[in-house]
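Visitor: my_file-v1.cif (mmCIF, C-alpha atoms) pasted underneath:
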```cif
data_entry
loop_
_atom_site.label_atom_id
_atom_site.label_comp_id
_atom_site.auth_asym_id
_atom_site.auth_seq_id
_atom_site.Cartn_x
_atom_site.Cartn_y
_atom_site.Cartn_z
CA MET A 1 2.57 37.03 1.07
CA THR A 2 5.57 34.77 0.40
CA PRO A 3 5.22 30.99 0.74
CA GLU A 4 7.21 31.15 4.00
CA GLN A 5 4.48 33.36 5.48
CA TYR A 6 1.57 31.10 4.61
CA PRO A 7 -0.03 29.26 7.55
CA ARG A 8 1.49 25.77 7.65
CA ILE A 9 -1.80 24.01 6.89
CA TYR A 10 -2.01 25.76 3.48
CA LEU A 11 1.51 24.66 2.63
CA TYR A 12 0.61 21.09 3.54
CA ARG A 13 -2.53 21.18 1.46
CA ARG A 14 -0.66 22.47 -1.58
CA ILE A 15 2.11 19.89 -1.33
CA VAL A 16 -0.47 17.13 -0.77
CA GLN A 17 -2.39 18.39 -3.83
CA ALA A 18 0.79 18.08 -5.85
CA LYS A 19 1.44 14.54 -4.60
CA VAL A 20 -2.14 13.52 -5.36
CA PHE A 21 -1.69 15.12 -8.82
CA ILE A 22 1.34 12.85 -9.39
CA ASP A 23 -0.59 9.82 -8.08
CA LYS A 24 -3.41 10.60 -10.52
CA TYR A 25 -1.56 11.66 -13.67
CA TYR A 26 1.75 9.78 -13.47
CA LEU A 27 0.99 7.96 -16.72
CA GLN A 28 0.97 11.25 -18.61
CA LYS A 29 3.92 13.35 -19.62
CA ILE A 30 3.92 15.61 -16.58
CA ASP A 31 7.03 17.50 -15.68
CA LEU A 32 8.16 19.41 -12.65
CA ASP A 33 6.74 22.70 -13.94
CA ASN A 34 3.26 21.15 -14.20
CA ILE A 35 3.60 19.81 -10.70
CA SER A 36 4.86 23.02 -9.12
CA ASP A 37 2.10 24.91 -10.98
CA GLU A 38 -0.34 22.56 -9.31
CA ALA A 39 1.05 23.61 -5.94
CA TYR A 40 1.29 27.33 -6.89
CA PHE A 41 4.92 27.47 -5.77
CA SER A 42 8.21 28.48 -7.25
CA LYS A 43 10.00 25.35 -8.44
CA TYR A 44 12.81 25.68 -5.90
CA HIS A 45 10.55 26.21 -2.89
CA PHE A 46 8.24 23.45 -4.04
CA ILE A 47 11.06 20.88 -4.36
CA ARG A 48 12.42 21.79 -0.93
CA LEU A 49 9.04 21.45 0.80
CA PHE A 50 8.08 18.29 -1.06
CA LYS A 51 11.34 16.60 -0.10
CA SER A 52 11.01 17.69 3.53
CA ILE A 53 7.60 15.98 3.70
CA TYR A 54 8.03 12.89 1.52
CA GLY A 55 11.79 12.31 1.71
CA LYS A 56 12.06 12.40 -2.10
CA THR A 57 12.10 15.17 -4.68
CA PRO A 58 8.93 15.34 -6.84
CA HIS A 59 10.94 13.90 -9.76
CA GLN A 60 12.21 10.99 -7.63
CA TYR A 61 8.68 10.39 -6.35
CA LEU A 62 7.21 10.43 -9.89
CA THR A 63 9.84 7.90 -10.99
CA THR A 64 9.05 5.67 -7.99
CA VAL A 65 5.31 5.74 -8.75
CA ARG A 66 5.91 4.95 -12.44
CA ILE A 67 8.27 2.06 -11.66
CA GLU A 68 5.83 0.64 -9.09
CA HIS A 69 3.09 0.70 -11.72
CA ALA A 70 5.49 -0.85 -14.24
CA LYS A 71 6.07 -3.71 -11.78
CA GLN A 72 2.33 -4.36 -11.59
CA LEU A 73 1.99 -4.34 -15.39
CA LEU A 74 4.95 -6.70 -15.79
CA GLN A 75 3.46 -9.00 -13.13
CA GLN A 76 0.32 -9.13 -15.27
CA GLY A 77 2.43 -10.35 -18.21
CA ASN A 78 2.64 -7.22 -20.38
CA SER A 79 5.73 -6.87 -22.57
CA VAL A 80 8.59 -4.56 -21.54
CA THR A 81 7.94 -2.24 -24.50
CA GLU A 82 4.21 -1.98 -23.74
CA VAL A 83 4.94 -1.26 -20.10
CA CYS A 84 7.59 1.35 -20.93
CA PHE A 85 5.15 3.42 -23.00
CA SER A 86 2.24 2.76 -20.64
CA VAL A 87 4.01 4.35 -17.67
CA GLY A 88 5.03 7.50 -19.53
CA TYR A 89 8.54 6.80 -20.90
CA ASP A 90 9.51 7.32 -24.55
CA SER A 91 12.67 5.26 -24.49
CA VAL A 92 12.90 1.58 -23.58
CA SER A 93 16.58 1.91 -22.68
CA THR A 94 15.90 4.83 -20.29
CA PHE A 95 13.02 2.89 -18.74
CA SER A 96 15.08 -0.31 -18.45
CA SER A 97 18.04 1.37 -16.80
CA LEU A 98 15.78 3.21 -14.30
CA PHE A 99 13.86 0.02 -13.55
CA THR A 100 17.07 -1.93 -12.98
CA LYS A 101 18.54 0.80 -10.80
CA ILE A 102 15.46 0.94 -8.56
CA THR A 103 14.44 -2.73 -8.35
CA GLY A 104 17.79 -4.47 -8.84
CA LYS A 105 16.29 -6.56 -11.67
CA THR A 106 15.99 -5.92 -15.39
CA PRO A 107 12.40 -5.51 -16.63
CA SER A 108 12.68 -8.68 -18.74
CA GLY A 109 14.12 -10.61 -15.79
CA TYR A 110 11.27 -9.34 -13.61
CA LEU A 111 8.71 -10.29 -16.28
CA ASN A 112 10.13 -13.81 -16.66
CA TYR A 113 10.27 -14.34 -12.89
CA HIS A 114 6.58 -13.45 -12.55
CA LYS A 115 5.54 -15.51 -15.58
CA GLN A 116 7.13 -18.53 -13.95
CA ARG A 117 5.61 -17.69 -10.57
CA LYS A 118 2.17 -17.36 -12.16
CA GLN A 119 2.52 -20.83 -13.67
CA GLU A 120 3.57 -22.25 -10.31
CA ILE A 121 0.60 -20.54 -8.62
CA GLN A 122 -1.80 -21.96 -11.18
CA SER A 123 -0.50 -25.49 -10.78
CA GLU A 124 -0.07 -25.43 -6.99
CA PRO A 125 -1.80 -22.44 -5.35
CA LEU A 126 -1.60 -23.78 -1.81
CA ALA A 127 2.19 -23.82 -1.99
CA PHE A 128 1.98 -20.01 -1.62
CA VAL A 129 -0.24 -19.98 1.48
CA PRO A 130 1.00 -20.76 4.99
CA LYS A 131 -0.55 -24.06 6.02
CA CYS A 132 -2.17 -22.62 9.14
CA TYR A 133 -4.20 -20.11 7.11
CA ALA A 134 -5.22 -22.70 4.55
CA PHE A 135 -6.29 -25.05 7.33
CA MET A 136 -8.25 -22.39 9.24
CA HIS A 137 -10.14 -21.42 6.13
CA GLY A 138 -10.71 -24.97 4.97
CA TRP A 139 -8.82 -24.33 1.74
CA GLY A 140 -7.63 -27.56 0.21
CA GLU A 141 -10.46 -29.59 1.70
CA ASN A 142 -13.02 -30.95 -0.75
CA SER A 143 -11.41 -28.94 -3.48
CA ASN A 144 -9.14 -29.60 -6.38
CA PHE A 145 -6.20 -27.89 -4.69
CA GLU A 146 -3.33 -30.21 -3.97
CA GLU A 147 -1.41 -29.98 -0.73
CA ALA A 148 1.92 -28.22 -0.84
CA THR A 149 4.94 -30.39 -0.30
CA VAL A 150 8.19 -29.34 1.31
CA MET B 1 14.56 -16.72 19.59
CA VAL B 2 11.75 -14.93 17.79
CA THR B 3 13.23 -12.14 15.69
CA LYS B 4 10.56 -10.68 13.42
CA MET B 5 6.90 -10.54 12.50
CA THR B 6 6.51 -11.55 8.87
CA ILE B 7 2.79 -12.17 8.35
CA THR B 8 -0.17 -10.92 10.33
CA ASN B 9 -3.82 -10.67 9.44
CA ILE B 10 -6.56 -8.11 9.34
CA ASN B 11 -10.07 -9.47 9.21
CA VAL B 12 -11.97 -7.71 6.45
CA ILE B 13 -15.58 -7.84 5.33
CA ASP B 14 -15.08 -7.44 1.59
CA GLN B 15 -11.76 -8.27 -0.08
CA ASP B 16 -12.36 -6.16 -3.22
CA SER B 17 -13.11 -3.13 -1.10
CA ALA B 18 -10.17 -3.90 1.20
CA TYR B 19 -7.85 -4.11 -1.81
CA ASP B 20 -9.00 -0.68 -2.95
CA PHE B 21 -8.53 0.77 0.53
CA TYR B 22 -5.09 -0.66 1.33
CA VAL B 23 -3.57 -0.41 -2.16
CA ASN B 24 -5.21 2.64 -3.72
CA LYS B 25 -5.78 4.78 -0.63
CA LEU B 26 -3.05 3.79 1.84
CA GLY B 27 -0.54 3.06 -0.94
CA PHE B 28 0.39 -0.45 0.25
CA ARG B 29 2.00 -2.81 -2.27
CA LEU B 30 0.19 -5.91 -3.43
CA VAL B 31 2.21 -9.05 -2.64
CA ASN B 32 -0.17 -11.96 -3.30
CA ASP B 33 -3.57 -12.17 -4.93
CA ILE B 34 -4.26 -15.85 -5.44
CA PRO B 35 -7.79 -17.19 -5.97
CA MET B 36 -8.75 -19.81 -3.37
CA GLY B 37 -12.15 -20.80 -4.64
CA PRO B 38 -15.10 -18.82 -5.95
CA ASP B 39 -15.39 -16.22 -3.17
CA THR B 40 -12.02 -15.88 -1.49
CA ARG B 41 -8.44 -14.99 -2.33
CA TRP B 42 -5.11 -15.22 -0.58
CA LEU B 43 -4.68 -11.46 -0.55
CA THR B 44 -1.62 -9.94 1.10
CA VAL B 45 -0.16 -6.43 1.04
CA SER B 46 2.89 -4.72 2.49
CA PRO B 47 3.54 -1.17 3.70
CA PRO B 48 5.67 0.60 1.04
CA ASP B 49 8.83 0.78 3.17
CA GLN B 50 8.35 -2.60 4.85
CA PRO B 51 8.30 -5.28 2.14
CA ASP B 52 9.18 -8.03 4.61
CA LEU B 53 5.89 -7.64 6.52
CA GLN B 54 2.76 -8.97 4.85
CA LEU B 55 -0.72 -8.10 6.04
CA VAL B 56 -3.24 -10.76 5.10
CA LEU B 57 -6.56 -9.17 4.20
CA PHE B 58 -8.43 -12.13 5.60
CA PRO B 59 -12.07 -12.44 4.54
CA VAL B 60 -14.65 -13.09 7.23
CA THR B 61 -16.67 -15.61 5.28
CA VAL B 62 -18.40 -18.71 6.56
CA SER B 63 -15.70 -21.37 6.80
CA LYS B 64 -14.19 -23.92 9.13
CA MET B 65 -12.70 -21.04 11.12
CA PHE B 66 -15.80 -18.88 11.04
CA PRO B 67 -19.07 -20.82 11.40
CA GLN B 68 -22.12 -18.72 10.43
CA GLU B 69 -22.77 -17.45 13.97
CA VAL B 70 -19.12 -16.52 14.52
CA ALA B 71 -18.87 -14.82 11.12
CA ASP B 72 -22.04 -12.78 11.79
CA SER B 73 -20.80 -11.72 15.24
CA LEU B 74 -17.34 -10.86 13.96
CA ILE B 75 -18.67 -8.80 11.07
CA SER B 76 -20.92 -6.92 13.47
CA LEU B 77 -18.01 -6.20 15.82
CA ILE B 78 -15.72 -5.09 12.99
CA ARG B 79 -18.37 -2.73 11.61
CA ARG B 80 -18.88 -1.30 15.10
CA GLY B 81 -15.18 -0.35 15.23
CA THR B 82 -14.25 -2.76 18.01
CA PHE B 83 -10.84 -3.77 16.71
CA GLY B 84 -7.67 -1.72 16.66
CA CYS B 85 -5.17 -3.24 14.25
CA GLY B 86 -1.99 -1.41 15.15
CA VAL B 87 0.03 1.73 14.66
CA LEU B 88 0.99 2.85 11.15
CA THR B 89 3.82 5.32 10.86
CA CYS B 90 4.61 8.05 8.37
CA ASN B 91 7.23 10.76 7.90
CA ASP B 92 4.85 13.66 8.32
CA ILE B 93 1.53 13.12 10.05
CA PHE B 94 -0.11 16.38 8.94
CA ALA B 95 0.66 15.80 5.26
CA THR B 96 -0.43 12.17 5.50
CA TYR B 97 -3.63 13.18 7.27
CA GLU B 98 -4.44 15.72 4.53
CA GLU B 99 -3.63 13.22 1.80
CA LEU B 100 -5.71 10.38 3.23
CA LYS B 101 -8.63 12.72 3.87
CA THR B 102 -8.41 13.84 0.23
CA LYS B 103 -8.61 10.19 -0.76
CA GLY B 104 -11.74 9.65 1.32
CA VAL B 105 -10.30 7.93 4.40
CA GLU B 106 -12.52 8.36 7.47
CA PHE B 107 -10.68 9.78 10.49
CA ILE B 108 -12.10 9.36 13.96
CA LYS B 109 -9.43 11.61 15.48
CA ALA B 110 -7.51 14.40 13.74
CA PRO B 111 -3.78 14.74 14.54
CA THR B 112 -3.67 15.50 18.25
CA LYS B 113 -0.78 16.02 20.60
CA GLU B 114 -0.62 13.26 23.20
CA PHE B 115 2.02 12.71 25.87
CA TYR B 116 3.77 10.20 23.57
CA GLY B 117 3.61 12.41 20.48
CA THR B 118 1.13 13.40 17.78
CA GLU B 119 -1.48 10.82 16.82
CA ALA B 120 -4.51 10.48 14.54
CA LEU B 121 -6.97 7.59 14.28
CA PHE B 122 -8.65 6.34 11.14
CA LYS B 123 -10.84 3.46 10.06
CA ASP B 124 -10.38 1.09 7.15
CA ASP B 125 -13.23 0.27 4.79
CA SER B 126 -14.45 -2.56 7.07
CA GLY B 127 -14.35 -0.61 10.34
CA ASN B 128 -10.99 -1.71 11.78
CA PHE B 129 -9.16 1.26 13.23
CA PHE B 130 -5.50 2.24 13.13
CA SER B 131 -3.38 4.75 14.93
CA LEU B 132 -1.34 6.98 12.62
CA GLN B 133 1.81 8.44 14.10
CA PRO B 134 4.96 10.11 12.82
CA ILE B 135 7.94 7.78 12.84
CA ASN B 136 9.84 10.13 15.15
CA ASN B 137 7.36 9.25 17.95
CA PHE B 138 9.32 6.00 18.12
CA SER B 139 12.85 7.27 17.70
CA ASN B 140 13.23 8.36 21.30
CA GLU B 141 14.85 5.77 23.56
CA ASN B 142 12.31 6.63 26.26
CA ASN B 143 9.62 5.05 24.11
CA ILE B 144 11.32 1.66 24.02
#
```
As structure tokens, how would this structure be written, given the file I've shared?
Guide:
Amino acid sequence: MTPEQYPRIYLYRRIVQAKVFIDKYYLQKIDLDNISDEAYFSKYHFIRLFKSIYGKTPHQYLTTVRIEHAKQLLQQGNSVTEVCFSVGYDSVSTFSSLFTKITGKTPSGYLNYHKQRKQEIQSEPLAFVPKCYAFMHGWGENSNFEEATV
Amino acid sequence: MVTKMTITNINVIDQDSAYDFYVNKLGFRLVNDIPMGPDTRWLTVSPPDQPDLQLVLFPVTVSKMFPQEVADSLISLIRRGTFGCGVLTCNDIFATYEELKTKGVEFIKAPTKEFYGTEALFKDDSGNFFSLQPINNFSNENNI
């Protein structure tokens, strides 16, 4: 039976398995062959089906997942080099150019922006919450939070 | 003239569990996670392709807004599945259904053809329910 003859639900399950595999192992050095093996497809057929379902090739999706995780790690204050290796890249320059292409900011610029934001949050947390929510929840009353100013 | 919705809220019972559900299962992006005292956080997330809409995962804890009796009633209603929180869209409903089921999301209705298109229903970790529909259900002018 060729992949085209499989009932559609089996095709879905295999592609979903491959996506979940990427979601789970994106920090490791997985490549397209590993991923298409996971789905038991030929590479070409796998790429075509994956893109038809998720709008991205498996490689593009893997890059997106890695860069999203890199953003979280940078927001937590990790260095660009640490983040690069943590999300599965060997080269800081490759990582930096991909990050910049996808987010529009360099990793170091992104890191610095979030360091500054973190400091602002620590000194004035209520400045980041719409007043109506803070009021409804009683945040800022009888606490050490200072009111945000415009 | 009102032009957009930017922030809306979903009342949740446990913020840690809600974070896991919306970020790790649905794949939403974390926008804000700011401590607001010992038991609550300003916790907001966005759908991956809609960064300009923030969903506040609003904790139902005893507060000025929710006195004890109100909080107890609200938690009971949420757990009972009283509240529908909207329609979430995806490119491919069958693939998304399979993926979310794999991740442990509880569906109360599998993808089913309705007169307006295919729809599934699932619950979040608190009990709020959502409709899941393919984006092309909304691309037809007749739906507007």
Visitor: Can you work out which residues from chain A touch chain B at a cut-off of 10 Å (counting all atoms listed in the file) and hand them back as a short mmCIF file (atom, residue, chain, number, x, y, z; two decimals) with C-alpha atoms, in the frame of the given file?
Guide:
```cif
data_model
loop_
_atom_site.label_atom_id
_atom_site.label_comp_id
_atom_site.auth_asym_id
_atom_site.auth_seq_id
_atom_site.Cartn_x
_atom_site.Cartn_y
_atom_site.Cartn_z
CA ARG A 8 1.49 25.77 7.65
CA ILE A 9 -1.80 24.01 6.89
CA LEU A 11 1.51 24.66 2.63
CA TYR A 12 0.61 21.09 3.54
CA ARG A 13 -2.53 21.18 1.46
CA ARG A 14 -0.66 22.47 -1.58
CA ILE A 15 2.11 19.89 -1.33
CA VAL A 16 -0.47 17.13 -0.77
CA GLN A 17 -2.39 18.39 -3.83
CA LYS A 19 1.44 14.54 -4.60
CA VAL A 20 -2.14 13.52 -5.36
CA ASP A 23 -0.59 9.82 -8.08
CA SER A 52 11.01 17.69 3.53
CA ILE A 53 7.60 15.98 3.70
CA TYR A 54 8.03 12.89 1.52
CA GLY A 55 11.79 12.31 1.71
CA GLU A 68 5.83 0.64 -9.09
CA GLN A 72 2.33 -4.36 -11.59
CA LYS A 118 2.17 -17.36 -12.16
CA ILE A 121 0.60 -20.54 -8.62
CA GLN A 122 -1.80 -21.96 -11.18
CA PRO A 125 -1.80 -22.44 -5.35
CA LEU A 126 -1.60 -23.78 -1.81
CA PHE A 128 1.98 -20.01 -1.62
CA VAL A 129 -0.24 -19.98 1.48
CA PRO A 130 1.00 -20.76 4.99
CA TYR A 133 -4.20 -20.11 7.11
CA ALA A 134 -5.22 -22.70 4.55
CA PHE A 135 -6.29 -25.05 7.33
CA MET A 136 -8.25 -22.39 9.24
CA HIS A 137 -10.14 -21.42 6.13
CA GLY A 138 -10.71 -24.97 4.97
CA TRP A 139 -8.82 -24.33 1.74
CA GLY A 140 -7.63 -27.56 0.21
CA SER A 143 -11.41 -28.94 -3.48
CA ASN A 144 -9.14 -29.60 -6.38
CA PHE A 145 -6.20 -27.89 -4.69
#
```
Visitor: Identify, on the basis of all atoms listed in the file, every residue whose closest approach to A:Lys24 does not exceed 12 Å; exclude the query and any residue fewer than 6 positions from it along the same chain; express the result as a list in words.
Guide: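 That gives Gln17, Ala18, Ile30, Ile35, Leu62, Val65, Arg66 and His69 of chain A; Asn24, Lys25 and Lys103 of chain B.
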Visitor: For stretch 23-34 of chain B, what centre and edge lengths in Å (one decimal) does the axis-aligned box get once 8 Å is added on each side of all its listed atoms, as lines of an AutoDock Vina configuration file?
Guide:
```
center_x = -1.8
center_y = -5.5
center_z = -1.8
size_x = 24.0
size_y = 36.6
size_z = 23.3
```
Visitor: I would like the residues chosen by the PyMOL selection byres ((chain B and resi 111-113) around 9) on the shown file; could you give them as JSON, numbers by chain?
Guide: {"B": [93, 94, 97, 109, 110, 114, 115, 116, 117, 118, 119, 120, 121, 132, 133]}
Visitor: Using all atoms listed in the file, which residue out of B:Val31, B:Ala18, B:Leu55, B:Ala71 lies closest to B:Lys123?
Guide: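 When distances to B:Lys123 are compared using all atoms listed in the file, the smallest one comes from B:Ala18.
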Visitor: Work out how far atom CA of A:Pro58 is from atom CA of A:His114, in Å to one decimal.
Guide: 29.4 Å
Visitor: What does the distance from atom CA of B:Leu53 to atom CA of B:Thr6 come to in Å, to one decimal?
Guide: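 Separation of atom CA of B:Leu53 and atom CA of B:Thr6: 4.6 Å.
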Visitor: Name the residues captured by the PyMOL selection byres ((chain B and resi 19) around 10) when it is applied to the shown file; answer as a ChimeraX atom specification.
Guide: /B:12,14-18,20-26,28-30,33,43-45,57,125
Visitor: What does the distance from atom CA of A:Ile47 to atom CA of A:Ile22 come to in Å, to one decimal?
Guide: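 Separation of atom CA of A:Ile47 and atom CA of A:Ile22: 13.6 Å.
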Visitor: Can you pull out every residue within 9 Å of stretch 73-77 of chain A, counting only C-alpha atoms, but drop anything in the same chain fewer than 3 positions away, and send it as a list in words?
Guide: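 Neighbouring residues, sequence-local ones excluded: Glu68, His69, Ala70, Val80, Glu82, Val83, Ser86, Pro107, Ser108, Tyr110, Leu111, Asn112, Tyr113, His114, Lys115 and Lys118 of chain A.
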Visitor: If we draw a sphere of 7 Å around (-0.2, 1.5, 16.0), which residues have at least one atom in it when counting all atoms listed in the file? Please report them as a PyMOL selection string.
Guide: chain B and resi 86-88+130-132
Visitor: Skipping near chain neighbours, those fewer than 4 positions away, what residues fall within 6 Å of B:Phe122 using all atoms listed in the file, listed as a list of chain:residue names?
Guide: B:Glu106, B:Phe107, B:Ile108, B:Phe129, B:Phe130
Visitor: Please provide the set of residues having any atom within 9 Å of B:Asn128, restricted to only C-alpha atoms, with same-chain residues fewer than 6 positions apart removed, written as a ChimeraX atom specification.
Guide: /B:10-12,78-85,122
